>>> print(open('my_file-v4.txt').read())   # compact mmCIF, C-alpha atoms
# COMPACT_ATOMS: atom_id res chain seq x y z
CA MET A 1 0.00 0.00 0.00
CA ALA A 2 1.21 3.53 -0.80
CA GLU A 3 2.09 5.88 2.02
CA GLY A 4 -1.16 6.97 3.67
CA PHE A 5 -2.70 10.38 4.20
CA ARG A 6 -3.81 11.56 7.63
CA LYS A 7 -6.43 14.00 6.34
CA VAL A 8 -7.80 14.61 2.85
CA GLY A 9 -9.80 17.75 2.11
CA ILE A 10 -12.10 18.23 -0.89
CA ILE A 11 -13.47 21.61 -2.00
CA GLY A 12 -16.52 21.04 -4.18
CA THR A 13 -18.98 18.26 -3.42
CA GLY A 14 -20.88 17.57 -6.61
CA LEU A 15 -20.88 14.28 -8.48
CA MET A 16 -17.09 14.15 -8.84
CA GLY A 17 -16.09 15.55 -5.45
CA GLY A 18 -18.78 13.59 -3.63
CA SER A 19 -17.80 10.32 -5.32
CA LEU A 20 -14.15 10.94 -4.53
CA ALA A 21 -14.99 11.59 -0.88
CA MET A 22 -16.97 8.35 -0.67
CA ALA A 23 -14.12 6.33 -2.19
CA LEU A 24 -11.48 7.91 0.06
CA LYS A 25 -13.62 7.57 3.19
CA ARG A 26 -13.48 3.81 2.71
CA HIS A 27 -9.79 3.75 1.78
CA PRO A 28 -7.64 2.13 4.50
CA GLY A 29 -4.78 4.51 3.76
CA VAL A 30 -6.82 7.66 4.46
CA GLY A 31 -7.44 8.67 8.06
CA TYR A 32 -10.08 11.39 7.70
CA VAL A 33 -12.02 13.03 4.86
CA ALA A 34 -13.45 16.55 5.18
CA VAL A 35 -15.43 18.24 2.39
CA TYR A 36 -16.93 21.65 1.70
CA ASP A 37 -19.28 23.02 -0.95
CA ILE A 38 -20.31 26.62 -1.50
CA SER A 39 -23.96 25.52 -1.75
CA SER A 40 -25.66 25.04 1.61
CA GLU A 41 -28.16 22.71 -0.05
CA THR A 42 -25.35 20.55 -1.41
CA ARG A 43 -23.76 20.47 2.04
CA ARG A 44 -27.07 19.34 3.51
CA LYS A 45 -27.38 16.52 0.98
CA ALA A 46 -23.74 15.52 1.51
CA ARG A 47 -24.38 15.19 5.25
CA GLU A 48 -27.50 13.11 4.68
CA LEU A 49 -25.59 10.80 2.34
CA GLU A 50 -22.59 10.67 4.71
CA VAL A 51 -20.19 11.08 1.80
CA ALA A 52 -17.35 12.12 4.13
CA ASP A 53 -16.30 11.99 7.75
CA GLU A 54 -17.13 15.70 8.00
CA VAL A 55 -19.01 18.21 5.87
CA THR A 56 -17.73 21.60 6.97
CA ASP A 57 -19.37 25.02 6.80
CA SER A 58 -16.25 26.79 5.54
CA PRO A 59 -13.53 25.87 3.04
CA GLY A 60 -10.84 26.62 5.60
CA GLU A 61 -12.19 23.94 7.92
CA ALA A 62 -12.05 21.34 5.17
CA ALA A 63 -8.52 22.31 4.12
CA GLY A 64 -7.10 23.01 7.58
CA GLY A 65 -4.25 20.65 8.45
CA CYS A 66 -4.83 18.31 5.53
CA ASP A 67 -1.90 16.67 3.79
CA LEU A 68 -3.86 16.29 0.53
CA LEU A 69 -6.39 18.74 -0.90
CA PHE A 70 -8.52 18.15 -4.01
CA LEU A 71 -10.14 21.04 -5.88
CA ALA A 72 -13.39 19.65 -7.29
CA THR A 73 -15.08 22.96 -8.09
CA PRO A 74 -15.85 24.22 -11.60
CA ILE A 75 -12.61 25.20 -13.34
CA SER A 76 -13.35 28.94 -13.12
CA ALA A 77 -13.59 28.73 -9.30
CA MET A 78 -10.48 26.65 -8.59
CA VAL A 79 -7.91 29.40 -8.23
CA LYS A 80 -10.15 31.44 -5.94
CA ALA A 81 -10.94 28.36 -3.84
CA LEU A 82 -7.25 27.54 -3.41
CA ASP A 83 -6.35 31.15 -2.66
CA GLU A 84 -8.96 31.23 0.13
CA VAL A 85 -7.52 28.21 1.93
CA SER A 86 -3.82 28.43 1.08
CA GLY A 87 -2.99 29.73 4.54
CA GLU A 88 -4.52 26.60 6.10
CA LEU A 89 -2.25 24.15 4.25
CA PRO A 90 0.78 22.82 6.13
CA THR A 91 4.22 22.57 4.57
CA GLY A 92 4.50 19.41 2.49
CA ALA A 93 0.80 19.24 1.66
CA ILE A 94 -0.23 18.14 -1.84
CA VAL A 95 -2.84 19.96 -3.91
CA SER A 96 -4.54 18.37 -6.90
CA ASP A 97 -7.61 19.15 -8.98
CA LEU A 98 -10.21 17.34 -11.06
CA GLY A 99 -10.33 19.80 -13.95
CA SER A 100 -11.04 18.61 -17.49
CA ALA A 101 -8.76 21.27 -19.02
CA LYS A 102 -5.23 21.66 -17.74
CA LEU A 103 -2.95 24.10 -19.55
CA GLU A 104 -4.39 27.41 -18.30
CA THR A 105 -5.55 25.90 -15.01
CA THR A 106 -2.12 24.49 -14.18
CA ALA A 107 -0.39 27.82 -14.77
CA ALA A 108 -2.97 29.71 -12.69
CA ILE A 109 -2.88 27.26 -9.77
CA GLN A 110 0.91 27.16 -9.71
CA ASP A 111 0.89 30.94 -9.29
CA VAL A 112 -1.11 30.75 -6.04
CA VAL A 113 0.22 27.54 -4.47
CA PRO A 114 1.99 28.61 -1.26
CA PRO A 115 5.70 27.85 -0.75
CA GLY A 116 6.33 24.33 0.50
CA VAL A 117 3.03 23.00 -0.90
CA HIS A 118 3.14 20.72 -3.97
CA TYR A 119 0.69 20.81 -6.88
CA VAL A 120 0.01 17.79 -9.12
CA GLY A 121 -2.68 18.32 -11.74
CA GLY A 122 -5.23 15.58 -12.36
CA HIS A 123 -8.21 14.68 -14.53
CA PRO A 124 -10.27 11.54 -13.87
CA MET A 125 -11.81 10.24 -17.10
CA THR A 126 -15.13 9.37 -15.56
CA GLY A 127 -18.43 11.02 -14.77
CA SER A 128 -22.04 11.08 -15.85
CA GLU A 129 -24.51 13.31 -17.63
CA GLN A 130 -26.20 13.46 -14.22
CA SER A 131 -24.82 16.07 -11.84
CA GLY A 132 -25.05 16.62 -8.12
CA VAL A 133 -23.91 14.87 -4.97
CA GLU A 134 -27.12 12.81 -4.91
CA PHE A 135 -25.71 10.84 -7.86
CA ALA A 136 -22.31 10.28 -6.22
CA SER A 137 -20.96 6.72 -6.08
CA GLU A 138 -17.93 5.29 -4.31
CA ASN A 139 -17.27 3.17 -7.43
CA LEU A 140 -17.22 6.06 -9.92
CA TYR A 141 -13.41 6.07 -10.09
CA ARG A 142 -12.94 2.30 -10.19
CA ASN A 143 -11.44 1.02 -13.46
CA CYS A 144 -11.45 4.49 -15.04
CA TYR A 145 -8.41 6.17 -16.56
CA TYR A 146 -7.14 8.93 -14.31
CA ILE A 147 -4.72 11.35 -15.99
CA LEU A 148 -2.03 13.10 -13.96
CA THR A 149 -0.43 16.12 -15.64
CA PRO A 150 2.99 16.74 -14.09
CA THR A 151 5.25 19.56 -15.23
CA ALA A 152 8.95 20.24 -14.80
CA ALA A 153 8.08 21.93 -11.49
CA THR A 154 6.20 18.89 -10.10
CA ASP A 155 7.68 17.38 -6.94
CA GLY A 156 8.56 13.74 -7.61
CA GLU A 157 7.59 12.46 -4.16
CA ALA A 158 4.23 14.23 -4.30
CA PHE A 159 3.57 12.68 -7.72
CA ARG A 160 4.50 9.21 -6.43
CA ARG A 161 2.23 9.45 -3.37
CA LEU A 162 -0.76 10.74 -5.33
CA HIS A 163 -0.21 8.15 -8.06
CA GLY A 164 -0.19 5.41 -5.43
CA LEU A 165 -3.37 6.59 -3.74
CA ILE A 166 -5.34 6.87 -6.98
CA THR A 167 -4.12 3.47 -8.14
CA GLU A 168 -5.24 1.90 -4.87
CA MET A 169 -8.68 3.47 -5.41
CA GLY A 170 -8.95 1.20 -8.46
CA ALA A 171 -8.24 3.78 -11.18
CA ARG A 172 -5.70 3.33 -13.95
CA VAL A 173 -3.23 6.20 -13.90
CA ILE A 174 -1.69 7.64 -17.06
CA SER A 175 0.48 10.78 -17.35
CA MET A 176 0.48 13.57 -19.92
CA ASP A 177 1.91 17.06 -19.91
CA PRO A 178 -0.83 19.73 -19.70
CA GLU A 179 -0.68 20.78 -23.36
CA THR A 180 -0.79 17.22 -24.68
CA HIS A 181 -3.69 16.54 -22.34
CA ASP A 182 -5.70 19.51 -23.61
CA ARG A 183 -5.05 18.64 -27.27
CA ALA A 184 -6.17 15.06 -26.62
CA MET A 185 -9.28 16.11 -24.70
CA ALA A 186 -10.28 18.55 -27.44
CA THR A 187 -10.31 15.60 -29.87
CA VAL A 188 -11.92 12.82 -27.82
CA SER A 189 -14.06 14.73 -25.33
CA HIS A 190 -14.60 18.47 -25.71
CA ALA A 191 -15.30 18.80 -29.46
CA PRO A 192 -17.52 15.67 -29.47
CA HIS A 193 -19.49 17.17 -26.58
CA LEU A 194 -20.14 20.34 -28.57
CA LEU A 195 -21.08 18.31 -31.65
CA SER A 196 -23.56 16.39 -29.51
CA LEU A 197 -24.94 19.74 -28.37
CA LEU A 198 -25.36 20.93 -31.98
CA LEU A 199 -27.01 17.68 -33.05
CA MET A 200 -29.49 17.92 -30.19
CA ASP A 201 -30.20 21.56 -30.98
CA MET A 202 -30.80 20.73 -34.65
CA ALA A 203 -33.29 18.06 -33.59
CA ARG A 204 -34.97 20.52 -31.22
CA LYS A 205 -35.61 22.91 -34.11
CA GLN A 206 -36.94 20.11 -36.32
CA HIS A 207 -39.17 18.92 -33.48
CA LEU A 208 -41.08 22.20 -33.75
CA GLU A 209 -42.16 21.10 -37.26
CA ILE A 210 -42.20 17.31 -36.87
CA LYS A 211 -43.94 16.61 -33.57
CA SER A 212 -43.22 12.88 -33.64
CA LEU A 213 -39.47 13.38 -34.21
CA PHE A 214 -38.37 12.50 -30.67
CA THR A 215 -40.76 9.53 -30.61
CA VAL A 216 -38.97 7.87 -33.54
CA ALA A 217 -35.44 8.81 -32.38
CA ALA A 218 -33.49 5.53 -32.43
CA GLY A 219 -30.68 4.25 -30.22
CA GLY A 220 -27.93 5.77 -32.36
CA PHE A 221 -29.33 9.27 -31.95
CA ARG A 222 -29.81 8.76 -28.24
CA ASP A 223 -26.23 7.49 -27.85
CA MET A 224 -24.79 10.44 -29.76
CA THR A 225 -26.77 13.05 -27.80
CA ARG A 226 -26.59 11.53 -24.30
CA ILE A 227 -23.77 13.83 -23.19
CA ALA A 228 -25.76 16.91 -24.29
CA ALA A 229 -27.63 16.48 -20.99
CA SER A 230 -24.50 17.34 -18.95
CA SER A 231 -24.22 20.36 -16.66
CA PRO A 232 -24.04 23.63 -18.66
CA ASP A 233 -22.08 25.36 -15.86
CA VAL A 234 -19.34 22.73 -15.92
CA TRP A 235 -19.08 22.63 -19.70
CA VAL A 236 -19.01 26.38 -20.27
CA ASP A 237 -15.94 26.48 -18.01
CA ILE A 238 -14.27 23.61 -19.85
CA CYS A 239 -14.90 25.14 -23.28
CA MET A 240 -13.58 28.54 -22.24
CA ASP A 241 -10.46 27.05 -20.67
CA ASN A 242 -9.59 24.83 -23.65
CA ARG A 243 -11.08 27.01 -26.38
CA GLU A 244 -7.91 27.19 -28.54
CA PHE A 245 -7.61 23.45 -29.12
CA ILE A 246 -11.39 22.96 -29.33
CA VAL A 247 -11.57 25.55 -32.12
CA GLU A 248 -8.79 23.68 -33.98
CA ARG A 249 -10.76 20.43 -33.81
CA LEU A 250 -14.07 22.06 -34.80
CA LEU A 251 -12.47 23.72 -37.84
CA GLU A 252 -11.02 20.34 -38.81
CA TYR A 253 -14.45 18.78 -38.36
CA GLY A 254 -15.91 21.53 -40.55
CA LEU A 255 -13.57 20.49 -43.35
CA GLY A 256 -14.79 16.93 -42.91
CA ILE A 257 -18.42 18.09 -43.16
CA ALA A 258 -17.60 19.99 -46.36
CA GLU A 259 -15.97 16.86 -47.83
CA LEU A 260 -18.99 14.75 -46.91
CA VAL A 261 -21.38 17.26 -48.48
CA ASP A 262 -19.31 17.19 -51.68
CA VAL A 263 -19.35 13.37 -51.71
CA LEU A 264 -23.12 13.25 -51.38
CA GLU A 265 -23.86 16.05 -53.83
CA ASN A 266 -21.72 14.27 -56.44
CA ARG A 267 -23.16 10.82 -55.66
CA ASP A 268 -19.59 9.58 -55.18
CA GLN A 269 -20.18 6.10 -53.77
CA VAL A 270 -16.48 5.16 -53.92
CA ARG A 271 -15.37 8.01 -51.67
CA LEU A 272 -18.37 7.51 -49.38
CA ARG A 273 -17.54 3.82 -48.94
CA GLU A 274 -13.92 4.70 -48.18
CA LEU A 275 -15.04 7.15 -45.48
CA PHE A 276 -17.17 4.41 -43.90
CA CYS A 277 -14.31 1.89 -44.12
CA ARG A 278 -11.74 4.26 -42.58
CA ALA A 279 -14.06 5.06 -39.71
CA ARG A 280 -14.92 1.40 -39.17
CA ARG A 281 -11.23 0.38 -39.05
CA ALA A 282 -10.43 3.15 -36.56
CA ARG A 283 -13.43 2.25 -34.39
CA SER A 284 -12.37 -1.40 -34.35
CA GLU A 285 -8.90 -0.39 -33.15
CA LEU A 286 -10.48 1.70 -30.39
CA SER A 287 -12.59 -1.27 -29.27
CA VAL A 288 -9.56 -3.59 -29.14
CA LYS A 289 -7.53 -1.15 -27.04
CA ALA A 290 -10.40 -0.52 -24.66
CA GLY A 291 -10.94 -4.24 -24.07
CA GLN A 292 -7.37 -5.47 -23.59
CA GLU A 293 -7.07 -8.23 -21.04
CA ILE A 294 -5.00 -7.75 -17.90
CA ARG A 295 -1.67 -9.48 -18.32
CA GLU A 296 1.31 -10.14 -16.06
CA LEU A 297 3.12 -7.31 -14.31
CA PHE A 298 6.53 -6.13 -15.48
CA GLU A 299 8.95 -3.58 -14.05
CA VAL A 300 10.83 -0.96 -16.04
CA SER A 301 13.79 0.29 -13.97
CA LEU A 302 16.15 3.13 -14.79
CA PRO A 303 18.68 5.33 -12.98
CA VAL A 304 17.53 8.95 -12.86
CA PRO A 305 19.34 12.10 -11.70
CA ASP A 306 18.07 13.75 -8.54
CA LYS A 307 16.72 16.91 -10.16
CA PRO A 308 13.30 18.54 -10.67
CA GLY A 309 11.22 17.36 -13.61
CA VAL A 310 12.66 13.86 -14.03
CA ILE A 311 9.59 11.92 -12.92
CA SER A 312 7.43 14.24 -15.00
CA GLU A 313 9.53 13.56 -18.12
CA VAL A 314 9.57 9.80 -17.62
CA SER A 315 5.89 9.38 -16.75
CA THR A 316 4.78 11.71 -19.54
CA ALA A 317 6.93 9.85 -22.08
CA VAL A 318 5.31 6.54 -21.11
CA GLY A 319 1.84 8.09 -20.90
CA SER A 320 2.20 9.52 -24.41
CA LEU A 321 2.29 5.92 -25.67
CA GLY A 322 -1.09 5.27 -24.09
CA ILE A 323 0.52 2.97 -21.53
CA ASN A 324 -0.76 2.90 -17.96
CA ILE A 325 1.76 2.97 -15.11
CA GLU A 326 0.34 0.73 -12.36
CA ASP A 327 2.82 1.87 -9.70
CA VAL A 328 5.82 4.16 -9.24
CA LYS A 329 8.71 3.55 -6.86
CA ILE A 330 11.99 5.40 -6.42
CA VAL A 331 14.93 4.33 -4.26
CA HIS A 332 17.68 6.77 -3.35
CA PRO A 333 21.12 5.34 -2.48
CA LEU A 334 22.82 6.52 0.67
CA GLU A 335 25.38 8.44 -1.39
CA GLY A 336 25.32 10.11 -4.76
CA ASP A 337 22.82 12.16 -6.72
CA THR A 338 21.12 9.32 -8.63
CA GLY A 339 18.00 7.33 -7.77
CA ILE A 340 16.53 4.13 -9.22
CA LEU A 341 13.05 4.75 -10.63
CA THR A 342 10.85 1.67 -11.15
CA LEU A 343 7.62 1.70 -13.13
CA SER A 344 5.19 -1.23 -12.87
CA ILE A 345 3.42 -1.95 -16.18
CA LEU A 346 0.99 -4.68 -17.21
CA GLY A 347 2.08 -6.76 -20.20
CA ARG A 348 5.46 -7.71 -21.63
CA ALA A 349 4.86 -5.88 -24.92
CA GLN A 350 3.79 -2.63 -23.25
CA ALA A 351 6.69 -2.75 -20.79
CA GLY A 352 9.09 -3.32 -23.68
CA GLU A 353 7.60 -0.42 -25.62
CA ALA A 354 7.95 1.84 -22.57
CA GLY A 355 11.55 0.73 -22.06
CA ASP A 356 12.44 1.40 -25.70
CA ARG A 357 10.89 4.86 -25.49
CA LEU A 358 12.93 5.73 -22.39
CA VAL A 359 16.13 4.39 -23.98
CA SER A 360 15.49 6.65 -26.98
CA LEU A 361 15.42 9.58 -24.53
CA GLY A 362 18.86 8.63 -23.19
CA TYR A 363 17.85 6.64 -20.09
CA ARG A 364 19.40 3.23 -19.27
CA ALA A 365 16.12 1.36 -18.88
CA THR A 366 15.82 -2.36 -18.19
CA VAL A 367 12.66 -4.51 -18.24
CA ARG A 368 12.04 -7.58 -16.09
CA GLU A 369 9.09 -9.60 -14.88
CA ALA A 370 7.92 -8.39 -11.47
>>> encode(input="my_file-v4.txt", output="structure tokens")
Amino acid sequence: MAEGFRKVGIIGTGLMGGSLAMALKRHPGVGYVAVYDISSETRRKARELEVADEVTDSPGEAAGGCDLLFLATPISAMVKALDEVSGELPTGAIVSDLGSAKLETTAAIQDVVPPGVHYVGGHPMTGSEQSGVEFASENLYRNCYYILTPTAATDGEAFRRLHGLITEMGARVISMDPETHDRAMATVSHAPHLLSLLLMDMARKQHLEIKSLFTVAAGGFRDMTRIAASSPDVWVDICMDNREFIVERLLEYGLGIAELVDVLENRDQVRLRELFCRARRARSELSVKAGQEIRELFEVSLPVPDKPGVISEVSTAVGSLGINIEDVKIVHPLEGDTGILTLSILGRAQAGEAGDRLVSLGYRATVREA
């Protein structure tokens, strides 16, 4: 088990924060969980549901004396929330967040993190179109991908401890730098969400003329528009924070729409079939990767210099391959300025791929069965 935490504080107790509190409350490595939400009604519901050991009436009470603090507010409120409680955080405390966009958020949070407190950005790839603490579940984070977004300024020990805790919660941790994260999310999450919104809005307009439209809406339409039911407040924040990369993806999608219109107007069955075939092949690859079986555990070990940014570089390099790091360990010798970093990875092929990537970066990486 990873090194435990005496007290974990969570600011923001909606679906994500409430579910996190419930999971951590039952975690044997966490001593005490205190939560706060700006909404008195949400606090009342959180108490009724007993999502945490304590639901406080001020953010300072939740954050006071904790050695790990999660910011689970909307993105636009995170910096203010941290600034309000920064004086309550002891030296050595770790701050993380659950934000779905990272580049601007990371820079803003790093500006207000007090000296001696360590920030490690995070984004759990889970959730629901339903919002509110009443929909919280202690199993929401189990088996989901949880992205950590370290930078060159990230403290290696803080990263290791947070990685260990999240892994023990049942999530699968992967690392990306903030910019890579935001580019990826614009493609697979943020732009698709806006396209779902547009599709639903188009159907809404047609429904004014065709009253039975929603009645005959089939499963495909319902699947594609399910996420349009998500919280507007949350998604406005996400879109504003990651607007640059979302705009890139939407413009690219617009070119695809123009191509499709041209194909149909010209009755070009050959090009239309090729579009279907390309999409089908890509979707099949996605399905295979999502359903990979758990294989044996391997360790990738490498000497690393004792300097800031090393763990960030290594974990981000492996994460960029789409490979999950199950555990992180680092051993420092009694003398010298080098440590031995060990990454635990499922599957011989994936461990070998990770080792090759690290060797290409100049590390002396070795792979062995755990």
>>> closest_residue(input="my_file-v4.txt", among="A:Glu265, A:Asp111, A:Asp182, A:Glu157", to="Pro308 (chain A)", atoms="only C-alpha atoms")
A:Glu157
>>> residues_around(input="my_file-v4.txt", residues="region 87-93 of chain A", least_positions_apart="6", cutoff="8 Å", atoms="only C-alpha atoms", output="list in words")
Gly60, Ala63, Gly64, Gly65, Cys66, Asp67, Leu68, Leu69, Pro114, Pro115, Gly116, Val117 and His118 of chain A
>>> write_last_selection(input="my_file-v4.txt", atoms="C-alpha atoms", output="mmCIF file, in the frame of the given file")
data_model
loop_
_atom_site.group_PDB
_atom_site.id
_atom_site.type_symbol
_atom_site.label_atom_id
_atom_site.label_comp_id
_atom_site.auth_asym_id
_atom_site.auth_seq_id
_atom_site.Cartn_x
_atom_site.Cartn_y
_atom_site.Cartn_z
ATOM 1 C CA GLY A 60 -10.840 26.620 5.600
ATOM 2 C CA ALA A 63 -8.520 22.310 4.120
ATOM 3 C CA GLY A 64 -7.100 23.010 7.580
ATOM 4 C CA GLY A 65 -4.250 20.650 8.450
ATOM 5 C CA CYS A 66 -4.830 18.310 5.530
ATOM 6 C CA ASP A 67 -1.900 16.670 3.790
ATOM 7 C CA LEU A 68 -3.860 16.290 0.530
ATOM 8 C CA LEU A 69 -6.390 18.740 -0.900
ATOM 9 C CA PRO A 114 1.990 28.610 -1.260
ATOM 10 C CA PRO A 115 5.700 27.850 -0.750
ATOM 11 C CA GLY A 116 6.330 24.330 0.500
ATOM 12 C CA VAL A 117 3.030 23.000 -0.900
ATOM 13 C CA HIS A 118 3.140 20.720 -3.970
#
>>> atom_distance(input="my_file-v4.txt", atom1="CA of Lys80 (chain A)", atom2="CA of Val33 (chain A)")
21.4 Å
>>> residues_around(input="my_file-v4.txt", residues="Val247 (chain A)", least_positions_apart="2", cutoff="12 Å", atoms="only C-alpha atoms", output="PyMOL selection string")
chain A and resi 182-183+186-187+190-192+194-195+239-245+249-254
>>> residues_around(input="my_file-v4.txt", residues="Leu260 (chain A)", least_positions_apart="3", cutoff="12 Å", atoms="all atoms listed in the file", output="PyMOL selection string")
chain A and resi 253-257+263-269+271-276
>>> atom_distance(input="my_file-v4.txt", atom1="CA of Met185 (chain A)", atom2="CA of Leu20 (chain A)")
21.4 Å
>>> closest_residue(input="my_file-v4.txt", among="A:Lys307, A:Lys102, A:Arg283, A:Arg43", to="Glu179 (chain A)", atoms="only C-alpha atoms")
A:Lys102
>>> residues_around(input="my_file-v4.txt", residues="Thr105 (chain A)", least_positions_apart="6", cutoff="9 Å", atoms="only C-alpha atoms", output="ChimeraX atom specification")
/A:75-76,78-79,99,121,241
>>> atom_distance(input="my_file-v4.txt", atom1="CA of Leu297 (chain A)", atom2="CA of Met22 (chain A)")
28.9 Å
>>> closest_residue(input="my_file-v4.txt", among="A:Lys211, A:Pro150, A:Asp53, A:Gly17", to="Gly31 (chain A)", atoms="all atoms listed in the file")
A:Asp53
>>> residues_around(input="my_file-v4.txt", residues="Gly12 (chain A)", least_positions_apart="5", cutoff="8 Å", atoms="all atoms listed in the file", output="ChimeraX atom specification")
/A:17-18,35-38,71-73
>>> residues_near_point(input="my_file-v4.txt", point="(-4.8, 15.7, -15.6)", cutoff="6 Å", atoms="only C-alpha atoms", output="list of chain:residue names")
A:Gly121, A:Gly122, A:His123, A:Ile147, A:Leu148, A:Thr149
>>> write_last_selection(input="my_file-v4.txt", atoms="C-alpha atoms", output="tab-separated table (two decimals), keeping the file's coordinate frame")
chain	number	residue	atom	x	y	z
A	121	GLY	CA	-2.68	18.32	-11.74
A	122	GLY	CA	-5.23	15.58	-12.36
A	123	HIS	CA	-8.21	14.68	-14.53
A	147	ILE	CA	-4.72	11.35	-15.99
A	148	LEU	CA	-2.03	13.10	-13.96
A	149	THR	CA	-0.43	16.12	-15.64
>>> closest_atom_pairs(input="my_file-v4.txt", of="region 205-307 of chain A", to="region 351-363 of chain A", cutoff="9 Å", atoms="all atoms listed in the file", output="tab-separated table")
residue	atom	partner	partner_atom	distance
A:Leu297	CA	A:Ala351	CA	8.7
A:Phe298	CA	A:Ala351	CA	6.3
A:Glu299	CA	A:Ala351	CA	7.2
A:Val300	CA	A:Gly355	CA	6.3
A:Ser301	CA	A:Gly355	CA	8.4
A:Leu302	CA	A:Tyr363	CA	6.6
A:Pro303	CA	A:Tyr363	CA	7.3
A:Val304	CA	A:Tyr363	CA	7.6
>>> closest_residue(input="my_file-v4.txt", among="A:Lys25, A:Lys329, A:His193, A:His181", to="Ser344 (chain A)", atoms="only C-alpha atoms")
A:Lys329
>>> residues_near_point(input="my_file-v4.txt", point="(-26.4, 11.1, -14.1)", cutoff="10 Å", atoms="only C-alpha atoms", output="list of chain:residue names")
A:Leu15, A:Gly127, A:Ser128, A:Glu129, A:Gln130, A:Ser131, A:Gly132, A:Glu134, A:Phe135, A:Ala136, A:Ile227, A:Ala229, A:Ser230, A:Ser231
>>> closest_residue(input="my_file-v4.txt", among="A:Thr42, A:Ser315, A:Ile238, A:Ala184", to="Glu104 (chain A)", atoms="only C-alpha atoms")
A:Ile238
>>> closest_residue(input="my_file-v4.txt", among="A:Val236, A:Ile210, A:Val95, A:Met176", to="Gly322 (chain A)", atoms="all atoms listed in the file")
A:Met176
